[in-house]
$ cat structure10.cif   # mmCIF, C-alpha atoms and all ligand atoms
data_work
#
loop_
_atom_site.label_atom_id
_atom_site.label_comp_id
_atom_site.auth_asym_id
_atom_site.auth_seq_id
_atom_site.Cartn_x
_atom_site.Cartn_y
_atom_site.Cartn_z
CA MET A 17 0.00 0.00 0.00
CA VAL A 18 1.29 3.45 -0.85
CA ILE A 19 0.51 6.28 1.53
CA VAL A 20 0.15 9.47 -0.44
CA PRO A 21 0.96 12.42 1.76
CA THR A 22 -1.56 15.15 0.99
CA ALA A 23 -1.96 18.54 2.60
CA THR A 24 -2.16 17.55 6.20
CA ILE A 25 -3.49 18.79 9.48
CA ARG A 26 -0.07 20.42 9.75
CA GLY A 27 -1.31 22.51 6.81
CA VAL A 28 -3.57 24.38 9.20
CA ARG A 29 -0.45 25.91 10.71
CA THR A 30 1.65 26.74 7.68
CA THR A 31 2.05 30.41 8.61
CA PRO A 32 2.25 31.27 12.28
CA PRO A 33 -0.41 33.97 12.70
CA GLN A 34 -0.23 36.88 15.13
CA LEU A 35 -2.29 36.45 18.28
CA GLY A 36 -5.61 38.26 18.12
CA SER A 37 -5.42 38.72 14.35
CA GLN A 38 -8.05 37.53 11.88
CA PRO A 39 -5.82 34.59 10.77
CA ALA A 40 -5.31 33.63 14.43
CA LEU A 41 -9.05 33.56 14.98
CA ARG A 42 -9.57 31.51 11.84
CA GLU A 43 -6.86 29.08 12.90
CA ALA A 44 -8.34 28.70 16.38
CA ASN A 45 -11.78 28.08 14.85
CA SER A 46 -10.29 25.63 12.32
CA GLN A 47 -8.76 23.66 15.14
CA ARG A 48 -12.04 23.60 17.05
CA ILE A 49 -13.76 22.16 13.99
CA VAL A 50 -11.04 19.56 13.31
CA THR A 51 -11.08 18.53 16.99
CA ALA A 52 -14.88 18.21 16.96
CA ILE A 53 -14.80 15.95 13.87
CA ARG A 54 -11.98 13.92 15.37
CA HIS A 55 -13.97 13.54 18.58
CA HIS A 56 -17.35 12.67 17.12
CA GLY A 57 -16.49 11.29 13.66
CA ALA A 58 -18.35 12.53 10.58
CA LEU A 59 -20.61 15.51 11.37
CA THR A 60 -22.95 17.73 9.37
CA GLN A 61 -22.21 21.45 9.38
CA VAL A 62 -25.21 22.03 11.66
CA GLU A 63 -23.81 19.44 14.08
CA ILE A 64 -20.37 21.05 13.91
CA ALA A 65 -21.93 24.41 14.79
CA ALA A 66 -23.68 22.81 17.77
CA ALA A 67 -20.51 21.00 18.90
CA THR A 68 -18.21 24.02 18.63
CA GLY A 69 -20.54 26.88 19.48
CA LEU A 70 -19.56 28.61 16.21
CA SER A 71 -22.19 30.12 13.93
CA GLN A 72 -23.27 28.09 10.89
CA ALA A 73 -21.92 30.82 8.61
CA THR A 74 -18.48 30.62 10.24
CA VAL A 75 -18.53 26.82 10.07
CA SER A 76 -19.42 26.97 6.38
CA THR A 77 -16.58 29.40 5.58
CA ILE A 78 -13.97 27.45 7.52
CA VAL A 79 -15.06 24.07 6.17
CA LYS A 80 -14.61 25.44 2.62
CA HIS A 81 -11.14 26.63 3.60
CA LEU A 82 -10.25 23.25 5.17
CA VAL A 83 -11.51 21.39 2.07
CA GLY A 84 -9.22 23.61 -0.01
CA GLN A 85 -6.30 22.63 2.23
CA GLY A 86 -7.15 18.93 1.96
CA VAL A 87 -7.70 18.67 5.72
CA VAL A 88 -11.37 17.61 5.49
CA ASP A 89 -13.64 16.08 2.86
CA THR A 90 -17.37 16.69 2.39
CA ARG A 91 -20.06 14.49 0.94
CA THR A 92 -23.82 14.82 0.63
CA THR A 93 -25.98 12.83 3.00
CA VAL A 94 -29.54 12.82 4.32
CA ARG A 95 -30.21 13.78 7.96
CA THR A 96 -33.75 13.81 9.36
CA GLY A 97 -35.17 13.76 5.83
CA ARG A 98 -33.04 16.66 4.54
CA ARG A 99 -29.95 16.79 2.39
CA ALA A 100 -26.90 17.83 4.36
CA GLN A 101 -23.14 18.12 3.89
CA LEU A 102 -21.31 15.53 5.95
CA VAL A 103 -17.79 16.64 6.92
CA THR A 104 -15.06 14.07 7.60
CA LEU A 105 -11.32 14.28 8.12
CA ALA A 106 -9.54 13.75 4.80
CA GLN A 107 -8.22 10.22 4.56
CA ARG A 108 -4.50 9.68 4.42
CA SER A 109 -3.66 13.10 5.78
CA GLY A 110 -0.63 11.70 7.46
CA LEU A 111 0.10 8.93 9.94
CA ALA A 112 0.70 8.94 13.67
CA VAL A 113 2.36 6.36 15.89
CA GLY A 114 1.41 5.22 19.39
CA VAL A 115 4.13 3.56 21.49
CA GLN A 116 3.45 1.97 24.85
CA ILE A 117 6.47 0.98 26.89
CA GLY A 118 5.38 -1.29 29.71
CA SER A 119 7.33 -2.98 32.45
CA ARG A 120 7.63 -6.14 30.37
CA SER A 121 6.47 -5.37 26.83
CA LEU A 122 6.51 -2.81 24.05
CA ARG A 123 3.52 -2.13 21.78
CA VAL A 124 3.60 0.07 18.67
CA LEU A 125 0.57 1.05 16.56
CA VAL A 126 0.62 3.09 13.34
CA GLY A 127 -2.71 4.77 12.59
CA ASP A 128 -4.04 7.21 10.00
CA SER A 129 -6.11 10.33 10.49
CA GLY A 130 -9.30 8.33 10.07
CA TYR A 131 -8.14 6.54 13.26
CA GLU A 132 -7.79 3.28 11.46
CA GLY A 133 -5.07 1.21 13.13
CA LEU A 134 -3.00 0.21 10.10
CA SER A 135 -0.21 -1.84 11.57
CA GLU A 136 0.70 -3.04 15.06
CA ARG A 137 3.53 -4.98 16.69
CA VAL A 138 4.12 -6.19 20.25
CA LEU A 139 7.53 -7.21 21.59
CA PRO A 140 8.47 -8.60 25.02
CA LEU A 141 10.96 -6.56 27.09
CA PRO A 142 13.36 -7.87 29.72
CA ARG A 143 12.45 -7.05 33.32
CA ASP A 144 15.07 -4.31 33.76
CA HIS A 145 15.14 -2.96 30.25
CA ARG A 146 17.37 0.04 29.65
CA ALA A 147 16.24 3.35 28.18
CA ASP A 148 18.82 3.55 25.37
CA THR A 149 18.34 0.03 24.01
CA THR A 150 14.55 0.13 24.40
CA LEU A 151 14.28 3.47 22.58
CA ASP A 152 16.56 2.06 19.84
CA ARG A 153 14.15 -0.85 19.43
CA VAL A 154 11.20 1.56 19.33
CA ALA A 155 12.80 3.62 16.55
CA LEU A 156 13.66 0.55 14.46
CA LEU A 157 10.21 -0.94 14.97
CA ILE A 158 8.50 2.28 13.84
CA VAL A 159 10.58 2.38 10.65
CA ASP A 160 9.82 -1.33 10.04
CA LEU A 161 6.06 -0.87 10.47
CA LEU A 162 6.07 2.16 8.15
CA GLU A 163 7.96 0.17 5.51
CA ASP A 164 5.31 -2.56 5.73
CA LEU A 165 2.76 0.14 4.85
CA GLY A 166 4.80 1.53 1.97
CA ALA A 167 5.30 4.70 4.00
CA ASP A 168 8.22 6.40 5.72
CA LEU A 169 8.91 8.92 8.47
CA SER A 170 8.01 11.84 6.21
CA ASP A 171 4.38 10.61 6.38
CA VAL A 172 4.36 10.74 10.21
CA VAL A 173 2.87 13.85 11.85
CA GLY A 174 3.83 12.74 15.34
CA VAL A 175 4.54 10.00 17.85
CA GLY A 176 2.78 9.55 21.20
CA ILE A 177 4.66 7.49 23.75
CA ALA A 178 3.43 6.22 27.12
CA LEU A 179 5.38 5.05 30.11
CA PRO A 180 4.09 3.53 33.33
CA PRO A 181 3.64 5.97 36.23
CA SER A 182 6.73 6.98 38.14
CA ARG A 183 7.85 4.83 40.99
CA SER A 184 7.93 7.75 43.37
CA PRO A 185 5.41 10.56 43.18
CA GLY A 186 7.26 13.77 43.82
CA THR A 187 9.63 13.59 40.88
CA GLU A 188 9.03 15.44 37.63
CA ARG A 189 9.81 12.57 35.29
CA LEU A 190 7.56 9.72 34.27
CA ARG A 191 9.48 6.49 34.11
CA PRO A 192 8.88 2.77 33.86
CA VAL A 193 8.73 0.88 37.11
CA ASP A 194 11.15 -2.06 37.25
CA ALA A 195 13.37 -0.44 34.63
CA ALA A 196 16.95 0.59 35.27
CA ASP A 197 17.43 3.95 36.95
CA GLU A 198 18.86 5.34 33.73
CA TRP A 199 15.23 5.98 32.68
CA HIS A 200 15.14 8.72 35.34
CA GLU A 201 17.77 10.66 33.46
CA THR A 202 16.32 10.18 29.98
CA ASP A 203 14.22 12.81 28.28
CA VAL A 204 12.27 10.28 26.25
CA ALA A 205 10.53 12.83 23.99
CA GLU A 206 13.79 14.60 23.21
CA VAL A 207 15.77 11.40 22.51
CA LEU A 208 13.10 9.87 20.29
CA SER A 209 12.23 13.03 18.37
CA ARG A 210 15.94 13.57 17.66
CA ARG A 211 16.31 9.97 16.47
CA LEU A 212 13.20 9.96 14.27
CA GLY A 213 13.01 13.62 13.23
CA VAL A 214 9.31 13.84 14.12
CA PRO A 215 7.52 15.52 17.05
CA VAL A 216 7.02 13.29 20.09
CA VAL A 217 4.58 13.68 22.98
CA VAL A 218 4.96 11.74 26.23
CA GLU A 219 1.92 10.69 28.24
CA GLN A 220 1.31 8.57 31.30
CA ASP A 221 -0.09 5.19 30.27
CA ALA A 222 -3.40 5.44 32.14
CA THR A 223 -4.07 8.90 30.72
CA ALA A 224 -3.40 7.54 27.22
CA GLY A 225 -5.79 4.65 27.97
CA ALA A 226 -8.44 7.10 29.19
CA VAL A 227 -8.19 9.06 25.93
CA GLY A 228 -8.34 5.83 23.87
CA GLU A 229 -11.47 4.60 25.64
CA LEU A 230 -13.07 8.07 25.52
CA ARG A 231 -12.56 8.48 21.77
CA PHE A 232 -13.00 4.93 20.51
CA GLY A 233 -14.13 2.62 23.31
CA ALA A 234 -16.36 2.35 26.37
CA GLY A 235 -16.21 6.09 27.09
CA ARG A 236 -17.61 7.23 23.72
CA GLY A 237 -20.20 9.97 24.18
CA ALA A 238 -19.04 10.79 27.71
CA THR A 239 -17.01 13.85 28.68
CA ASP A 240 -15.92 12.95 32.23
CA ILE A 241 -14.43 9.50 32.77
CA LEU A 242 -11.95 7.70 34.97
CA TYR A 243 -9.92 4.95 33.36
CA VAL A 244 -8.57 2.56 36.00
CA ARG A 245 -5.58 0.67 34.68
CA CYS A 246 -5.23 -2.58 36.62
CA SER A 247 -1.92 -3.96 35.44
CA TYR A 248 1.37 -4.88 37.15
CA LEU A 249 0.59 -1.78 39.19
CA VAL A 250 -2.62 0.25 39.40
CA ASN A 251 -3.12 3.82 38.29
CA ALA A 252 -5.92 5.90 36.83
CA GLY A 253 -6.32 8.26 33.88
CA ILE A 254 -8.68 11.19 34.26
CA VAL A 255 -10.63 12.95 31.49
CA LEU A 256 -12.68 16.00 32.49
CA GLY A 257 -14.72 18.00 30.00
CA GLY A 258 -13.39 15.76 27.21
CA ARG A 259 -9.75 16.66 27.98
CA PRO A 260 -7.09 14.72 29.84
CA PHE A 261 -6.45 16.08 33.32
CA ARG A 262 -2.77 15.57 34.08
CA GLY A 263 -2.15 17.65 37.18
CA ARG A 264 0.81 19.93 37.68
CA ARG A 265 3.52 17.27 37.20
CA GLY A 266 1.61 14.71 35.13
CA LEU A 267 1.03 12.57 38.21
CA SER A 268 -2.76 12.85 38.51
CA GLY A 269 -4.60 9.58 39.07
CA GLU A 270 -1.77 7.88 40.98
CA VAL A 271 -4.28 5.85 43.00
CA GLY A 272 -1.72 3.06 43.43
CA HIS A 273 -0.07 5.22 46.08
CA VAL A 274 -3.17 5.85 48.18
CA GLU A 275 -2.70 4.33 51.65
CA VAL A 276 -4.89 1.30 52.26
CA ASP A 277 -2.98 -0.38 55.09
CA PRO A 278 -1.39 1.89 57.72
CA SER A 279 0.72 -1.02 59.02
CA GLY A 280 1.41 -2.51 55.58
CA ALA A 281 4.60 -2.99 53.58
CA ILE A 282 6.76 -0.12 52.36
CA CYS A 283 5.97 0.75 48.73
CA THR A 284 8.52 1.47 45.98
CA CYS A 285 7.57 5.16 46.47
CA GLY A 286 8.76 5.04 50.08
CA SER A 287 5.33 5.33 51.70
CA ARG A 288 3.77 2.61 53.82
CA GLY A 289 0.79 0.50 52.81
CA CYS A 290 0.06 1.91 49.33
CA LEU A 291 -2.66 0.23 47.22
CA ASN A 292 0.13 -1.13 44.98
CA THR A 293 1.64 -3.03 47.93
CA VAL A 294 -1.68 -4.90 48.16
CA VAL A 295 -2.78 -5.30 44.50
CA GLY A 296 0.46 -4.94 42.50
CA ALA A 297 1.49 -8.05 40.54
CA ASP A 298 4.13 -9.07 43.12
CA ALA A 299 1.63 -8.76 45.97
CA LEU A 300 -1.03 -10.80 44.15
CA THR A 301 1.30 -13.62 43.12
CA ASP A 302 2.81 -13.62 46.62
CA LEU A 303 -0.63 -14.45 48.06
CA LEU A 304 -0.46 -17.77 46.19
CA ARG A 305 3.11 -18.68 47.21
CA ILE A 306 2.01 -21.69 49.28
CA SER A 307 -0.07 -23.39 46.57
CA ARG A 308 1.65 -21.95 43.46
CA PRO A 309 5.15 -20.75 44.34
CA ARG A 310 6.26 -19.56 40.89
CA ILE A 311 3.03 -18.21 39.45
CA THR A 312 3.15 -15.12 37.16
CA LEU A 313 0.46 -12.48 36.75
CA ARG A 314 -0.39 -13.95 33.35
CA ASP A 315 -0.82 -17.44 34.88
CA LEU A 316 -2.92 -16.00 37.68
CA ILE A 317 -5.31 -14.39 35.16
CA ALA A 318 -5.52 -17.55 33.03
CA LEU A 319 -6.17 -19.81 36.05
CA ALA A 320 -8.84 -17.45 37.41
CA LEU A 321 -10.61 -17.59 34.04
CA GLU A 322 -10.37 -21.39 34.10
CA GLY A 323 -12.17 -21.40 37.46
CA ASP A 324 -9.34 -21.90 39.96
CA ALA A 325 -10.89 -20.96 43.32
CA GLY A 326 -7.73 -19.52 44.88
CA CYS A 327 -6.92 -17.35 41.88
CA ARG A 328 -10.52 -16.13 41.66
CA GLN A 329 -10.36 -15.13 45.31
CA VAL A 330 -7.18 -13.13 44.71
CA ILE A 331 -8.73 -11.27 41.76
CA ALA A 332 -12.00 -10.55 43.60
CA ASP A 333 -10.17 -9.18 46.65
CA ALA A 334 -8.02 -7.02 44.37
CA GLY A 335 -11.18 -5.66 42.70
CA ALA A 336 -12.66 -4.76 46.10
CA ALA A 337 -9.45 -3.06 47.26
CA ILE A 338 -9.09 -1.07 44.03
CA GLY A 339 -12.80 -0.15 44.10
CA ALA A 340 -12.57 1.25 47.64
CA VAL A 341 -9.79 3.63 46.54
CA VAL A 342 -11.40 4.52 43.19
CA ALA A 343 -14.61 5.35 45.11
CA GLY A 344 -12.75 8.21 46.77
CA LEU A 345 -11.60 9.55 43.44
CA ALA A 346 -15.10 9.14 41.97
CA LEU A 347 -16.62 11.04 44.90
CA ALA A 348 -14.14 13.84 44.31
CA LEU A 349 -14.62 14.07 40.53
CA ASP A 350 -18.18 12.81 39.89
CA PRO A 351 -17.41 11.08 36.54
CA GLU A 352 -20.06 9.63 34.22
CA LYS A 353 -18.15 6.39 33.87
CA VAL A 354 -15.37 4.40 35.41
CA VAL A 355 -13.75 2.31 32.66
CA VAL A 356 -11.61 -0.59 33.85
CA GLY A 357 -8.67 -1.74 31.75
CA GLY A 358 -5.23 -3.31 32.09
CA GLU A 359 -4.31 -7.00 32.23
CA LEU A 360 -6.43 -7.78 35.32
CA ALA A 361 -9.53 -6.55 33.48
CA GLN A 362 -9.17 -9.58 31.19
CA THR A 363 -10.88 -11.45 34.06
CA GLY A 364 -14.03 -9.37 33.39
CA GLU A 365 -16.62 -9.44 36.15
CA LEU A 366 -14.31 -11.45 38.43
CA LEU A 367 -12.47 -8.16 38.96
CA ILE A 368 -15.05 -5.58 37.93
CA GLY A 369 -17.97 -7.02 39.97
CA PRO A 370 -16.27 -6.50 43.37
CA LEU A 371 -14.80 -3.19 42.13
CA ARG A 372 -18.29 -1.96 41.21
CA ASP A 373 -19.71 -3.21 44.53
CA ALA A 374 -17.06 -1.26 46.42
CA LEU A 375 -18.07 1.93 44.60
CA SER A 376 -21.76 1.33 45.13
CA ARG A 377 -21.21 1.08 48.89
CA ARG A 378 -20.59 4.84 48.76
CA VAL A 379 -24.22 5.94 48.69
CA PRO A 380 -23.80 9.03 46.45
CA LEU A 381 -22.21 6.81 43.77
CA ALA A 382 -24.96 4.18 43.80
CA GLY A 383 -28.39 3.89 42.21
CA VAL A 384 -30.04 5.73 39.36
CA GLY A 385 -27.78 8.40 37.94
CA GLY A 386 -24.84 6.89 39.79
CA VAL A 387 -21.48 6.21 38.23
CA ASP A 388 -21.36 3.48 35.60
CA VAL A 389 -18.51 0.97 36.08
CA VAL A 390 -17.69 -0.90 32.86
CA ALA A 391 -14.91 -2.88 31.22
CA GLY A 392 -12.79 -1.13 28.60
CA GLU A 393 -13.69 -2.04 25.02
CA LEU A 394 -10.27 -1.74 23.44
CA GLY A 395 -8.46 -4.33 25.57
CA SER A 396 -4.68 -4.03 25.33
CA GLU A 397 -5.03 -1.36 22.61
CA SER A 398 -6.62 1.39 24.75
CA GLU A 399 -3.28 3.09 25.38
CA VAL A 400 -1.79 2.96 21.86
CA GLN A 401 -5.06 4.10 20.27
CA GLY A 402 -5.21 7.01 22.71
CA LEU A 403 -1.58 7.83 21.87
CA VAL A 404 -2.27 7.94 18.12
CA ALA A 405 -5.13 10.36 18.85
CA LEU A 406 -2.93 12.48 21.14
CA ALA A 407 -0.17 12.61 18.51
CA PHE A 408 -2.67 13.88 15.91
CA ASP A 409 -4.03 16.41 18.44
CA ALA A 410 -0.53 17.67 19.14
CA ALA A 411 0.21 17.95 15.41
CA ALA A 412 -3.00 19.93 14.88
CA THR A 413 -2.32 22.33 17.74
CA GLY A 414 1.49 22.40 17.62
CA ALA A 415 1.54 21.28 21.25
CA THR A 416 4.42 18.84 21.05
CA ALA A 417 6.80 18.24 23.88
CA SER A 418 9.87 18.47 21.71
CA ALA A 419 11.17 20.16 18.61
CA GLY A 420 9.91 18.48 15.48
CA LYS A 421 11.50 18.21 12.08
CA GLU A 422 10.25 21.66 11.07
CA GLN A 423 12.48 23.17 13.74
CA THR A 424 15.55 20.96 13.38
ZN ZN B 1 3.48 4.01 46.98
#
$ encode --input "structure10.cif" --output "structure tokens" --more "lines below"
Ligand SMILES: [Zn+2]
Amino acid sequence: MVIVPTATIRGVRTTPPQLGSQPALREANSQRIVTAIRHHGALTQVEIAAATGLSQATVSTIVKHLVGQGVVDTRTTVRTGRRAQLVTLAQRSGLAVGVQIGSRSLRVLVGDSGYEGLSERVLPLPRDHRADTTLDRVALLIVDLLEDLGADLSDVVGVGIALPPSRSPGTERLRPVDAADEWHETDVAEVLSRRLGVPVVVEQDATAGAVGELRFGAGRGATDILYVRCSYLVNAGIVLGGRPFRGRRGLSGEVGHVEVDPSGAICTCGSRGCLNTVVGADALTDLLRISRPRITLRDLIALALEGDAGCRQVIADAGAAIGAVVAGLALALDPEKVVVGGELAQTGELLIGPLRDALSRRVPLAGVGGVDVVAGELGSESEVQGLVALAFDAAATGATASAGKEQT
């Protein structure tokens, strides 16, 4: 397949306009329209006006302009018995890459502006993988996947990369748990954007998962969701008003470090009795050390699904413990939905049932109009799909963490 680079979303920003000028206003309005279409999919001009708050006349003018730039396409459709112009993002207006670096695996997805995942690869990583070699593998893998598509780096508008939450809240950097300390010193966005010559944005994995589920999965149609990522460790991604809420240092949603046992074990963060010391992968497998001394998290999940009573008990108790902490966050933020993802969510209601019960024990969260607790729909792809979307967003708004090829 040959990817034909056309005028892209980058085309919206070809000439940097002066703030407050007519071009600046038009650019801001163009971005609102592109974001609305990206959020909701194909929309009529009337629907775009409703979604953006712009007048229909303004929408009409800007859509014509965006069609001219090749950013959007229009086609005639029928809505409520009337002919209407349906506006979509132009196909093939560039590619974006989502990269998720986990404690033990690496996942890369290349997607186009229609949010079709075009090519994906997953590789295992050693337990203490190093930043330099892992980022080398990421760069090679991206080039490989693009070659498979008949494309190259010049077709890529941006890369979104996610790391697990930091081991110790209080530091500025996000870094993979279990990885060598060298990750602490690595500016991942800078290193990767220099190596690839494309803009790179870095996001915490749960926030990326929240965006993925909001745009394409269980959170579609909602504006305020919590995405609880139950993996080797637990953390949460927060979306408020349709936008990721990251906090001052990108550490929002670190529910894994909420105290659940005042006399419990010391966590990797240095605090005592964090949720992660009770429901992290090591803690869960440790509970089974008498009957299954060398069990892994993956085995634990598989055995629970096969009906093993001990493993089911471990998962259910983890769901209850996570739910009790998430209830606090839900009371504070009043989300429409709590979406549960990560490896443990593969056990479905074994985990989510007790998690939901724990939330519903907080009376304001229960009953009609209460918070909806559901499984993620994208499975292990929530994060990379969210990252592709975030990379396109950053390309459209110029909000990249590092210098891109235009500047280098
Ligand atoms: Zn902790």
$ residues_near_ligand --input "structure10.cif" --ligand "ligand ZN 1 (chain B)" --cutoff "10 Å" --atoms "only C-alpha atoms and all ligand atoms" --output "ChimeraX atom specification"
/A:182-185,270-275,281-293
$ residues_around --input "structure10.cif" --residues "Ala299 (chain A)" --least-positions-apart "3" --cutoff "12 Å" --atoms "all atoms listed in the file" --output "PDB file with C-alpha atoms, in the frame of the given file"
ATOM      1  CA  TYR A 248       1.370  -4.880  37.150  1.00  0.00           C
ATOM      2  CA  LEU A 249       0.590  -1.780  39.190  1.00  0.00           C
ATOM      3  CA  VAL A 250      -2.620   0.250  39.400  1.00  0.00           C
ATOM      4  CA  GLY A 280       1.410  -2.510  55.580  1.00  0.00           C
ATOM      5  CA  ALA A 281       4.600  -2.990  53.580  1.00  0.00           C
ATOM      6  CA  ILE A 282       6.760  -0.120  52.360  1.00  0.00           C
ATOM      7  CA  CYS A 283       5.970   0.750  48.730  1.00  0.00           C
ATOM      8  CA  GLY A 289       0.790   0.500  52.810  1.00  0.00           C
ATOM      9  CA  CYS A 290       0.060   1.910  49.330  1.00  0.00           C
ATOM     10  CA  LEU A 291      -2.660   0.230  47.220  1.00  0.00           C
ATOM     11  CA  ASN A 292       0.130  -1.130  44.980  1.00  0.00           C
ATOM     12  CA  THR A 293       1.640  -3.030  47.930  1.00  0.00           C
ATOM     13  CA  VAL A 294      -1.680  -4.900  48.160  1.00  0.00           C
ATOM     14  CA  VAL A 295      -2.780  -5.300  44.500  1.00  0.00           C
ATOM     15  CA  GLY A 296       0.460  -4.940  42.500  1.00  0.00           C
ATOM     16  CA  ASP A 302       2.810 -13.620  46.620  1.00  0.00           C
ATOM     17  CA  LEU A 303      -0.630 -14.450  48.060  1.00  0.00           C
ATOM     18  CA  LEU A 304      -0.460 -17.770  46.190  1.00  0.00           C
ATOM     19  CA  ARG A 305       3.110 -18.680  47.210  1.00  0.00           C
ATOM     20  CA  ILE A 311       3.030 -18.210  39.450  1.00  0.00           C
ATOM     21  CA  THR A 312       3.150 -15.120  37.160  1.00  0.00           C
ATOM     22  CA  LEU A 313       0.460 -12.480  36.750  1.00  0.00           C
ATOM     23  CA  LEU A 316      -2.920 -16.000  37.680  1.00  0.00           C
ATOM     24  CA  VAL A 330      -7.180 -13.130  44.710  1.00  0.00           C
ATOM     25  CA  ILE A 331      -8.730 -11.270  41.760  1.00  0.00           C
ATOM     26  CA  ASP A 333     -10.170  -9.180  46.650  1.00  0.00           C
ATOM     27  CA  ALA A 334      -8.020  -7.020  44.370  1.00  0.00           C
TER      28      ALA A 334
END
$ closest_residue --input "structure10.cif" --among "A:Leu125, A:Val276, A:Val227, A:Ile338" --to "Gly257 (chain A)" --atoms "only C-alpha atoms"
A:Val227
$ closest_residue --input "structure10.cif" --among "A:Leu242, A:Ala343, A:Ala382, A:Ala112" --to "Thr223 (chain A)" --atoms "only C-alpha atoms"
A:Leu242
$ residues_around --input "structure10.cif" --residues "Leu105 (chain A)" --least-positions-apart "3" --cutoff "7 Å" --atoms "all atoms listed in the file" --output "NGL selection string"
:A and (53 or 87-89 or 129-130)
$ atom_distance --input "structure10.cif" --atom1 "CA of Ser396 (chain A)" --atom2 "CA of Arg137 (chain A)"
12.0 Å
$ atom_distance --input "structure10.cif" --atom1 "CA of Val172 (chain A)" --atom2 "CA of Leu122 (chain A)"
19.5 Å
$ atom_distance --input "structure10.cif" --atom1 "CA of Leu403 (chain A)" --atom2 "CA of Ala340 (chain A)"
28.8 Å
$ residues_around --input "structure10.cif" --residues "Ser398 (chain A)" --least-positions-apart "5" --cutoff "6 Å" --atoms "all atoms listed in the file" --output "ChimeraX atom specification"
/A:225,228-229
$ residues_around --input "structure10.cif" --residues "Ile241 (chain A)" --least-positions-apart "6" --cutoff "6 Å" --atoms "only C-alpha atoms" --output "ChimeraX atom specification"
/A:255,351-354
$ closest_residue --input "structure10.cif" --among "A:Ala100, A:Val355, A:Leu208, A:Leu347" --to "Arg377 (chain A)" --atoms "all atoms listed in the file"
A:Leu347
$ residues_around --input "structure10.cif" --residues "Ile317 (chain A)" --least-positions-apart "2" --cutoff "12 Å" --atoms "only C-alpha atoms" --output "PyMOL selection string"
chain A and resi 246-248+297+300-301+311-315+319-332+358-364+366-367
$ closest_residue --input "structure10.cif" --among "A:Ala374, A:Ile117, A:Leu165, A:Ile368" --to "Arg143 (chain A)" --atoms "all atoms listed in the file"
A:Ile117
$ axis_aligned_box --input "structure10.cif" --around "region 160-171 of chain A" --padding-each-side "4 Å" --output "AutoDock Vina command-line options"
--center_x 6.3 --center_y 4.6 --center_z 6.2 --size_x 15.1 --size_y 22.4 --size_z 16.5
$ residues_near_point --input "structure10.cif" --point "(9.6, 5.4, 16.0)" --cutoff "8 Å" --atoms "all atoms listed in the file" --output "number ranges by chain"
A: 113, 115, 154-159, 175, 208, 212
$ closest_residue --input "structure10.cif" --among "A:Ser76, A:Thr51, A:Ser71, A:Gln401" --to "Arg259 (chain A)" --atoms "all atoms listed in the file"
A:Thr51
$ closest_residue --input "structure10.cif" --among "A:Arg265, A:Arg48, A:Arg211, A:Arg42" --to "Asp148 (chain A)" --atoms "all atoms listed in the file"
A:Arg211
